[in-house]
>>> print(open('entry27.cif').read())   # mmCIF, C-alpha atoms
data_model
loop_
_atom_site.label_atom_id
_atom_site.label_comp_id
_atom_site.auth_asym_id
_atom_site.auth_seq_id
_atom_site.Cartn_x
_atom_site.Cartn_y
_atom_site.Cartn_z
CA MET A 1 10.30 9.21 -25.82
CA LYS A 2 12.66 8.76 -22.89
CA ILE A 3 13.82 5.24 -22.13
CA ASN A 4 13.59 4.26 -18.49
CA PRO A 5 17.12 3.75 -17.04
CA VAL A 6 15.88 0.86 -14.87
CA THR A 7 14.60 -0.91 -17.98
CA ILE A 8 17.92 -0.31 -19.75
CA PHE A 9 19.85 -1.66 -16.77
CA ILE A 10 17.75 -4.84 -16.63
CA VAL A 11 18.11 -5.49 -20.36
CA VAL A 12 21.87 -4.89 -20.32
CA CYS A 13 22.40 -7.23 -17.35
CA PHE A 14 20.47 -9.98 -19.11
CA ALA A 15 22.13 -9.47 -22.49
CA TYR A 16 25.74 -9.12 -21.30
CA PRO A 17 26.52 -12.86 -20.75
CA LEU A 18 24.85 -13.75 -24.07
CA LEU A 19 26.89 -11.18 -25.96
CA LYS A 20 30.08 -12.27 -24.22
CA GLY A 21 29.41 -15.92 -25.09
CA PHE A 22 28.75 -15.02 -28.73
CA LEU A 23 31.91 -12.92 -29.09
CA PHE A 24 34.31 -15.37 -27.42
CA LYS A 25 32.74 -18.54 -28.91
CA PHE A 26 32.37 -21.93 -27.27
CA SER A 27 35.34 -23.65 -25.67
CA SER A 28 35.20 -26.38 -23.04
CA TYR A 29 37.82 -24.70 -20.86
CA ASP A 30 36.11 -21.30 -20.84
CA VAL A 31 32.64 -22.78 -20.42
CA LYS A 32 33.66 -24.87 -17.42
CA ARG A 33 35.25 -21.82 -15.83
CA ASP A 34 32.13 -19.73 -16.51
CA TRP A 35 29.85 -22.57 -15.50
CA GLU A 36 31.31 -22.54 -12.02
CA GLY A 37 30.13 -18.96 -11.72
CA VAL A 38 26.73 -19.96 -13.11
CA VAL A 39 26.45 -22.73 -10.52
CA ASN A 40 27.29 -20.27 -7.76
CA SER A 41 24.61 -17.94 -9.10
CA ILE A 42 22.04 -20.74 -9.29
CA ALA A 43 22.90 -21.80 -5.75
CA PHE A 44 22.49 -18.20 -4.63
CA ILE A 45 19.09 -17.87 -6.35
CA ALA A 46 17.93 -21.17 -4.87
CA ALA A 47 19.10 -20.04 -1.43
CA ILE A 48 17.16 -16.80 -1.82
CA PHE A 49 14.04 -18.68 -2.85
CA ILE A 50 14.22 -21.12 0.04
CA GLY A 51 15.61 -18.72 2.62
CA VAL A 52 13.39 -15.70 1.94
CA ARG A 53 10.18 -17.61 1.29
CA TYR A 54 10.30 -19.94 4.25
CA SER A 55 12.00 -17.51 6.60
CA LYS A 56 9.15 -15.07 6.03
CA LEU A 57 6.55 -17.78 6.57
CA LEU A 58 8.31 -18.92 9.73
CA LEU A 59 9.54 -15.66 11.24
CA ILE A 60 6.89 -13.20 10.08
CA GLY A 61 3.83 -15.31 9.31
CA ASN A 62 3.94 -16.92 12.75
CA ILE A 63 5.51 -14.06 14.67
CA ASN A 64 3.03 -14.14 17.53
CA LYS A 65 3.58 -17.89 18.07
CA ILE A 66 7.38 -17.90 17.81
CA TYR A 67 8.41 -14.63 19.37
CA LYS A 68 6.52 -15.21 22.59
CA PHE A 69 9.47 -17.43 23.55
CA LEU A 70 11.86 -14.48 23.15
CA PRO A 71 12.69 -11.99 25.91
CA THR A 72 10.28 -9.05 25.99
CA ASN A 73 12.96 -6.52 25.07
CA VAL A 74 14.00 -8.56 22.01
CA TYR A 75 10.40 -8.93 20.84
CA SER A 76 9.79 -5.19 21.28
CA PHE A 77 12.94 -4.34 19.33
CA ILE A 78 11.95 -6.57 16.39
CA GLU A 79 8.40 -5.24 16.43
CA LYS A 80 9.65 -1.64 16.30
CA LYS A 81 12.39 -2.37 13.76
CA PRO A 82 11.07 -5.23 11.58
CA MET A 83 13.66 -4.59 8.88
CA VAL A 84 16.21 -6.31 11.15
CA LEU A 85 14.66 -9.58 9.96
CA TYR A 86 15.36 -8.67 6.34
CA PHE A 87 18.89 -7.41 6.81
CA VAL A 88 20.27 -9.62 9.60
CA VAL A 89 18.36 -12.83 10.31
CA ILE A 90 17.18 -13.75 6.81
CA PRO A 91 20.57 -13.00 5.12
CA ILE A 92 22.34 -15.31 7.59
CA LEU A 93 19.90 -18.12 6.84
CA VAL A 94 20.21 -17.51 3.10
CA TYR A 95 24.01 -17.69 3.29
CA LEU A 96 23.99 -21.00 5.18
CA ILE A 97 21.58 -22.50 2.66
CA TYR A 98 23.75 -21.17 -0.19
CA ILE A 99 26.86 -22.96 1.12
CA ILE A 100 25.00 -26.27 1.32
CA ILE A 101 23.48 -25.99 -2.18
CA ARG A 102 26.72 -24.80 -3.80
CA THR A 103 28.67 -27.76 -2.38
CA ALA A 104 26.10 -30.20 -3.70
CA PHE A 105 25.97 -28.56 -7.14
CA ASN A 106 29.74 -28.54 -7.55
CA PHE A 107 29.89 -32.27 -6.89
CA ILE A 108 27.15 -32.93 -9.45
CA ASN A 109 28.88 -30.73 -12.04
CA LYS A 110 32.12 -32.70 -11.95
CA ILE A 111 30.39 -35.94 -12.88
CA THR A 112 27.86 -34.53 -15.37
CA PHE A 113 28.13 -31.12 -17.04
CA TYR A 114 31.92 -30.91 -17.20
CA ARG A 115 32.05 -34.21 -19.08
CA LEU A 116 29.26 -33.01 -21.35
CA PHE A 117 31.13 -29.81 -22.21
CA ASP A 118 34.26 -31.79 -23.09
CA GLY A 119 32.20 -34.01 -25.40
CA ILE A 120 30.59 -31.02 -27.14
CA ASP A 121 33.99 -29.41 -27.60
CA ARG A 122 35.27 -32.51 -29.39
CA MET A 123 32.15 -32.69 -31.59
CA ILE A 124 32.35 -29.09 -32.85
CA SER A 125 36.12 -28.83 -33.12
CA ASN A 126 35.83 -28.81 -36.91
CA LYS A 127 32.72 -26.64 -37.11
CA ASN A 128 32.76 -23.06 -38.41
CA SER A 129 33.17 -20.05 -36.19
CA PHE A 130 29.49 -19.00 -36.31
CA VAL A 131 28.28 -22.32 -34.85
CA LYS A 132 30.73 -21.93 -31.99
CA ARG A 133 29.51 -18.40 -31.37
CA ILE A 134 25.87 -19.55 -31.23
CA LEU A 135 26.74 -22.32 -28.80
CA GLY A 136 28.80 -19.86 -26.79
CA ALA A 137 25.71 -17.67 -26.38
CA VAL A 138 23.38 -20.61 -25.67
CA VAL A 139 25.43 -21.96 -22.76
CA GLN A 140 25.34 -18.48 -21.20
CA VAL A 141 21.53 -18.43 -20.97
CA PRO A 142 21.51 -19.79 -17.37
CA ARG A 143 23.93 -17.06 -16.33
CA SER A 144 21.77 -14.40 -17.98
CA ILE A 145 18.74 -15.68 -16.11
CA CYS A 146 20.67 -15.67 -12.84
CA TYR A 147 21.84 -12.11 -13.45
CA LEU A 148 18.26 -11.07 -14.20
CA ILE A 149 16.82 -12.65 -11.06
CA THR A 150 19.58 -11.25 -8.85
CA ILE A 151 19.10 -7.73 -10.23
CA LEU A 152 15.33 -7.93 -9.71
CA PHE A 153 15.78 -8.94 -6.07
CA VAL A 154 18.32 -6.17 -5.48
CA LEU A 155 16.05 -3.54 -7.04
CA ASN A 156 13.08 -4.83 -5.06
CA ILE A 157 15.01 -4.61 -1.79
CA LEU A 158 16.25 -1.10 -2.65
CA SER A 159 12.66 -0.11 -3.36
CA MET A 160 11.46 -1.63 -0.08
CA VAL A 161 13.91 0.42 1.98
CA ASN A 162 13.19 3.46 -0.21
CA ILE A 163 16.88 4.25 -0.52
CA ASN A 164 16.31 6.84 -3.22
CA LYS A 165 13.08 8.57 -4.27
CA ASN A 166 14.19 9.01 -7.87
CA LEU A 167 14.99 5.31 -8.11
CA ASP A 168 11.53 4.46 -6.80
CA LYS A 169 9.96 6.68 -9.45
CA TYR A 170 11.90 4.89 -12.18
CA LEU A 171 10.91 1.51 -10.74
CA GLN A 172 7.24 2.53 -10.76
CA ALA A 173 7.50 3.70 -14.37
CA SER A 174 9.38 0.64 -15.68
CA LYS A 175 6.87 -1.80 -17.16
CA VAL A 176 9.63 -4.38 -17.63
CA TYR A 177 10.59 -4.24 -13.95
CA GLY A 178 6.97 -4.29 -12.82
CA TYR A 179 6.07 -7.31 -14.96
CA LEU A 180 9.18 -9.35 -14.13
CA CYS A 181 8.96 -8.47 -10.45
CA LYS A 182 5.40 -9.77 -10.27
CA GLN A 183 6.32 -12.94 -12.18
CA ILE A 184 9.60 -13.75 -10.40
CA VAL A 185 10.11 -11.84 -7.15
CA LEU A 186 6.63 -11.83 -5.64
CA PRO A 187 6.08 -15.62 -5.88
CA VAL A 188 9.38 -16.08 -3.99
CA THR A 189 8.64 -13.50 -1.30
CA SER A 190 5.15 -14.99 -0.96
CA SER A 191 3.38 -11.62 -0.94
CA ASN A 192 -0.31 -12.54 -0.72
CA LEU A 193 -1.23 -8.88 -0.98
CA ALA A 194 0.67 -8.38 -4.21
CA LYS A 195 -0.57 -11.67 -5.67
CA LYS A 196 -4.24 -11.05 -4.96
CA LEU A 197 -4.18 -7.31 -5.61
CA PRO A 198 -1.34 -6.77 -8.10
CA SER A 199 -2.32 -3.18 -8.87
CA ILE A 200 -4.32 -2.36 -5.76
CA ILE A 201 -2.29 0.75 -5.08
CA ASP A 202 -0.54 2.38 -7.99
CA ASN A 203 -0.30 6.03 -6.99
CA SER A 204 -4.09 6.27 -7.40
CA PHE A 205 -4.41 8.40 -4.27
CA LYS A 206 -3.85 12.08 -5.00
CA VAL A 207 -3.91 15.14 -2.77
CA VAL A 208 -4.38 18.56 -4.36
CA TYR A 209 -4.21 21.90 -2.57
CA LYS A 210 -6.23 24.76 -4.05
CA GLN A 211 -6.74 28.40 -3.21
CA LYS A 212 -9.57 30.06 -5.07
CA ASP A 213 -9.44 27.39 -7.79
CA LYS A 214 -5.69 27.74 -8.13
CA ILE A 215 -3.59 24.65 -7.47
CA ILE A 216 -0.75 25.67 -5.18
CA VAL A 217 0.80 22.28 -4.45
CA PRO A 218 1.60 19.57 -7.05
CA SER A 219 -1.02 16.81 -7.21
CA ASP A 220 1.48 14.05 -6.45
CA ASN A 221 2.01 15.42 -2.94
CA ALA A 222 0.31 12.86 -0.74
CA SER A 223 2.04 13.67 2.49
CA GLY A 224 -1.12 14.97 4.15
CA ASN A 225 0.69 18.05 5.51
CA SER A 226 -1.73 20.95 5.87
CA ILE A 227 -1.07 24.47 4.63
CA ASP A 228 -2.30 26.94 7.21
CA THR A 229 -3.39 29.85 5.05
CA GLY A 230 -6.99 29.97 6.21
CA ARG A 231 -8.23 29.97 2.63
CA THR A 232 -6.72 26.74 1.39
CA ILE A 233 -8.94 23.75 0.50
CA VAL A 234 -7.47 20.25 0.40
CA TYR A 235 -8.97 17.81 -2.11
CA TYR A 236 -8.51 14.04 -1.85
CA ASN A 237 -9.23 12.39 -5.20
CA GLY A 238 -11.44 15.33 -6.11
CA VAL A 239 -13.36 15.82 -2.83
CA THR A 240 -12.68 17.50 0.48
CA LEU A 241 -12.10 15.38 3.57
CA ASP A 242 -15.50 16.40 5.02
CA GLU A 243 -17.22 15.40 1.79
CA GLY A 244 -15.33 12.11 1.71
CA VAL A 245 -16.28 10.96 5.23
CA ALA A 246 -19.84 12.31 5.07
CA SER A 247 -22.42 9.67 5.98
CA ASN A 248 -26.20 9.23 5.82
CA SER A 249 -28.90 7.44 7.78
CA GLN A 250 -28.61 4.34 5.59
CA ILE A 251 -24.91 3.86 6.37
CA ASP A 252 -25.35 4.76 10.05
CA ASN A 253 -28.21 2.30 10.59
CA PHE A 254 -26.41 -0.45 8.69
CA ALA A 255 -23.20 0.07 10.69
CA ARG A 256 -25.04 -0.06 14.02
CA ASN A 257 -26.92 -3.21 13.08
CA LEU A 258 -23.71 -4.81 11.82
CA VAL A 259 -22.06 -4.67 15.24
CA PHE A 260 -25.22 -4.99 17.33
CA ASN A 261 -24.22 -8.35 18.80
CA GLU A 262 -20.57 -7.40 19.35
CA THR A 263 -19.16 -6.40 22.73
CA GLY A 264 -16.07 -4.24 23.18
CA THR A 265 -14.68 -1.56 20.89
CA GLU A 266 -12.05 -3.80 19.29
CA ASN A 267 -14.60 -6.45 18.30
CA LYS A 268 -16.87 -3.80 16.79
CA ALA A 269 -13.97 -2.18 14.93
CA ARG A 270 -12.92 -5.62 13.63
CA LYS A 271 -16.46 -6.40 12.46
CA ILE A 272 -16.53 -3.20 10.40
CA TYR A 273 -13.08 -3.98 9.00
CA ASP A 274 -14.17 -7.48 7.97
CA TRP A 275 -17.33 -6.25 6.27
CA ILE A 276 -15.59 -3.57 4.22
CA GLY A 277 -12.72 -5.89 3.30
CA ASN A 278 -15.10 -8.62 2.13
CA ASN A 279 -17.78 -6.53 0.44
CA ILE A 280 -16.04 -3.57 -1.22
CA SER A 281 -14.28 -4.24 -4.52
CA TYR A 282 -11.30 -2.30 -5.77
CA ASP A 283 -12.28 0.09 -8.59
CA TYR A 284 -9.46 -0.30 -11.12
CA ASN A 285 -11.10 2.01 -13.65
CA LYS A 286 -11.31 4.81 -11.11
CA ALA A 287 -7.73 4.13 -10.02
CA ASN A 288 -6.55 4.61 -13.61
CA LEU A 289 -8.50 7.87 -13.94
CA VAL A 290 -7.03 9.31 -10.75
CA LEU A 291 -3.59 8.04 -11.74
CA ASN A 292 -3.90 10.17 -14.87
CA ASN A 293 -5.08 13.21 -12.87
CA ASP A 294 -8.69 12.86 -14.03
CA TYR A 295 -10.79 13.90 -11.01
CA ASP A 296 -14.15 13.70 -12.74
CA VAL A 297 -14.99 10.81 -10.40
CA LYS A 298 -17.16 10.30 -7.34
CA SER A 299 -15.42 9.57 -4.06
CA GLY A 300 -16.19 9.06 -0.42
CA ALA A 301 -18.15 6.90 2.00
CA ILE A 302 -21.65 7.32 0.53
CA TYR A 303 -20.59 6.57 -3.05
CA THR A 304 -18.52 3.58 -1.94
CA PHE A 305 -21.31 2.14 0.20
CA ASN A 306 -23.86 2.50 -2.60
CA THR A 307 -21.67 1.07 -5.39
CA ARG A 308 -19.71 -1.43 -3.26
CA LYS A 309 -16.47 -0.29 -4.94
CA GLY A 310 -13.75 2.29 -4.51
CA ILE A 311 -10.02 2.88 -4.04
CA CYS A 312 -7.96 3.30 -0.88
CA PHE A 313 -9.31 6.75 0.07
CA ASP A 314 -12.88 5.49 -0.41
CA TYR A 315 -12.25 2.41 1.73
CA SER A 316 -10.84 4.63 4.47
CA CYS A 317 -13.71 7.14 4.27
CA LEU A 318 -16.30 4.40 4.57
CA TYR A 319 -14.49 2.97 7.58
CA VAL A 320 -14.56 6.41 9.20
CA ALA A 321 -18.30 6.77 8.55
CA MET A 322 -19.17 3.31 9.92
CA ALA A 323 -16.92 3.75 12.97
CA ARG A 324 -18.40 7.16 13.79
CA ALA A 325 -21.92 5.68 13.58
CA ASN A 326 -20.89 3.45 16.48
CA ASN A 327 -19.17 6.23 18.45
CA ILE A 328 -15.73 4.69 17.81
CA LYS A 329 -12.87 7.21 17.70
CA VAL A 330 -11.24 6.96 14.31
CA ARG A 331 -8.56 8.60 12.19
CA LEU A 332 -7.90 8.82 8.47
CA ILE A 333 -4.20 8.36 7.65
CA THR A 334 -2.28 9.14 4.47
CA GLY A 335 1.20 7.94 3.63
CA GLN A 336 2.99 5.34 1.55
CA GLY A 337 2.15 1.67 0.97
CA PHE A 338 4.46 -1.00 -0.47
CA ASN A 339 2.61 -2.96 -3.15
CA GLY A 340 5.31 -5.62 -3.53
CA VAL A 341 7.00 -3.71 -6.36
CA SER A 342 7.41 -0.13 -5.17
CA TRP A 343 6.16 2.41 -2.61
CA VAL A 344 3.10 4.36 -3.71
CA SER A 345 0.64 6.86 -2.20
CA HIS A 346 -1.90 5.24 0.08
CA ALA A 347 -4.56 5.86 2.73
CA TRP A 348 -5.72 3.79 5.73
CA ASN A 349 -7.21 4.23 9.22
CA GLN A 350 -6.49 4.10 12.93
CA VAL A 351 -9.07 3.38 15.61
CA TYR A 352 -8.85 4.04 19.33
CA ILE A 353 -9.41 1.10 21.68
CA PRO A 354 -10.30 2.60 25.09
CA GLU A 355 -10.02 -0.77 26.82
CA SER A 356 -6.29 -0.82 26.07
CA GLY A 357 -5.79 2.93 25.70
CA LYS A 358 -4.16 2.52 22.27
CA TRP A 359 -4.66 3.56 18.66
CA ILE A 360 -4.37 0.59 16.29
CA ASN A 361 -3.77 0.51 12.54
CA VAL A 362 -6.50 -0.70 10.18
CA ASP A 363 -6.14 -1.08 6.40
CA THR A 364 -9.35 -2.28 4.76
CA THR A 365 -7.91 -1.86 1.26
CA PHE A 366 -5.28 -4.50 1.98
CA ALA A 367 -7.76 -6.83 3.70
CA LYS A 368 -8.06 -9.23 0.75
CA GLY A 369 -4.30 -9.77 0.87
CA GLY A 370 -4.13 -10.70 4.53
CA ASN A 371 -4.95 -9.57 8.05
CA TYR A 372 -4.33 -5.83 8.28
CA PHE A 373 -6.35 -5.20 11.43
CA ASN A 374 -3.87 -4.29 14.16
CA LYS A 375 -1.26 -6.30 12.24
CA THR A 376 2.03 -6.96 13.96
CA MET A 377 4.82 -5.09 12.14
CA PHE A 378 2.35 -3.01 10.14
CA SER A 379 5.29 -0.76 9.30
CA ILE A 380 6.81 -3.33 6.91
CA ASP A 381 4.51 -2.14 4.11
CA HIS A 382 3.25 1.19 5.50
CA LYS A 383 5.26 4.33 6.22
CA ASP A 384 5.19 8.14 6.39
CA ALA A 385 1.86 8.09 8.24
CA LYS A 386 0.16 11.50 8.53
CA ILE A 387 -3.08 12.07 10.43
CA VAL A 388 -5.34 14.12 8.16
CA GLY A 389 -8.52 13.74 10.20
CA GLU A 390 -9.65 12.52 13.63
CA TRP A 391 -13.22 12.07 14.84
#
>>> encode(input="entry27.cif", output="structure tokens")
Amino acid sequence: MKINPVTIFIVVCFAYPLLKGFLFKFSSYDVKRDWEGVVNSIAFIAAIFIGVRYSKLLLIGNINKIYKFLPTNVYSFIEKKPMVLYFVVIPILVYLIYIIIRTAFNFINKITFYRLFDGIDRMISNKNSFVKRILGAVVQVPRSICYLITILFVLNILSMVNINKNLDKYLQASKVYGYLCKQIVLPVTSSNLAKKLPSIIDNSFKVVYKQKDKIIVPSDNASGNSIDTGRTIVYYNGVTLDEGVASNSQIDNFARNLVFNETGTENKARKIYDWIGNNISYDYNKANLVLNNDYDVKSGAIYTFNTRKGICFDYSCLYVAMARANNIKVRLITGQGFNGVSWVSHAWNQVYIPESGKWINVDTTFAKGGNYFNKTMFSIDHKDAKIVGEW
């Protein structure tokens, strides 16, 4: 069995300070010198927690309220390139907070921990070597934790920007990274989506190309690119696109009655979004089957409407069916979604609003984690969009 390199890297980073402390034993001089580095690390972690969490709440959570005071060209630039917040604005705020916290911690250290270390050194001066080694490892625990947290944040950021596809695959496969990321990183970044739906998308959306029952494209290809051979059939989680979006009189009548009192295309589209987001549950069992290439499952709008459950492709198919029943132009989109840990295959929708002459993004699968109807900066956790169907 192959050991995941990401898992190995995380374990080594955590264990290194402990091993170093054990080998070099406890000494007041060395501990105080190392402790200064620990304090800097703690200050950095605290700055990340405060800076990232509250910067996101302030800058992203209230973007429409705050950015209306900015010049139009600045607002448009940030909306088109939201990552500028992560790599320019937020880092500056984090650094300023870090300087303040580090200064305060260093002052506290001089009157508390440094005196404590000197006292411990005097107490164990006559103790055997093994005791000093154990203490040497124990005092390195804070540094190990700081190393661990820092590495998790770095890996999470690298995954977010999708710097390397192989790295993202290793991150997805590492159970250690996935667990620690959900326990440590996600609470700091305040990802409501990841908290409420921790495994909502886990590469459970698969596209398979077949030609006379022969698979001609690997099943993990979810790009949505068509193969123009004339005889090729594309299957999404075991069904064709036409089968997936197929509707019936029950769905059509329900969809029309649902928006009967609504005026305007956007209000109708939003009503459908709200209903699906609130009434369809994510089918984790089906997600696991598809994840393991088991396509002996039922998919599509009719199945999802009848059972009130499904996965991202099913959510999107049902939205297509309900939108079409109301003569709303709609698309089915495939691409990648960021689940707070890594980028995985995903599907969502776009609807056309004739009043504004624009197509807007709609993700009913993510609805329980926040507002994903025409969300500002939708591209933060969606990318590689491919139109696979338009009606």
>>> atom_distance(input="entry27.cif", atom1="CA of Lys383 in chain A", atom2="CA of Thr334 in chain A")
9.1 Å
>>> residues_around(input="entry27.cif", residues="Phe153 in chain A", least_positions_apart="3", cutoff="9 Å", atoms="only C-alpha atoms", output="ChimeraX atom specification")
/A:148-150,156-158,181,184-185
>>> closest_residue(input="entry27.cif", among="A:Asn40, A:Asn285, A:Thr304, A:Ser144", to="Ile100 in chain A", atoms="all atoms listed in the file")
A:Asn40
>>> residues_around(input="entry27.cif", residues="Leu155 in chain A", least_positions_apart="6", cutoff="12 Å", atoms="all atoms listed in the file", output="VMD selection string")
chain A and resid 6 to 7 9 to 10 148 to 149 161 to 164 167 to 168 170 to 172 174 177 to 178 180 to 181 185 340 to 342
>>> resolve_selection(input="entry27.cif", expression="the PyMOL selection byres ((chain A and resi 46) around 12)", output="PyMOL selection string")
chain A and resi 39-45+47-54+94-102+105+146+149-150+188
>>> resolve_selection(input="entry27.cif", expression="the PyMOL selection byres ((chain A and resi 16) around 12)", output="ChimeraX atom specification")
/A:8-15,17-23,137,140-141,143-148
>>> closest_residue(input="entry27.cif", among="A:Asp314, A:Asp252, A:Glu36, A:Glu266", to="Pro354 in chain A", atoms="only C-alpha atoms")
A:Glu266
>>> closest_residue(input="entry27.cif", among="A:Met160, A:Met123, A:Gly277, A:Phe313", to="Ser379 in chain A", atoms="all atoms listed in the file")
A:Met160
>>> atom_distance(input="entry27.cif", atom1="CA of Leu135 in chain A", atom2="CA of Ile111 in chain A")
21.3 Å
>>> closest_residue(input="entry27.cif", among="A:Lys329, A:Arg324, A:Arg256, A:Arg122", to="Ile353 in chain A", atoms="all atoms listed in the file")
A:Lys329
>>> closest_residue(input="entry27.cif", among="A:Ala347, A:Val330, A:Met377, A:Val245", to="Cys317 in chain A", atoms="only C-alpha atoms")
A:Val245
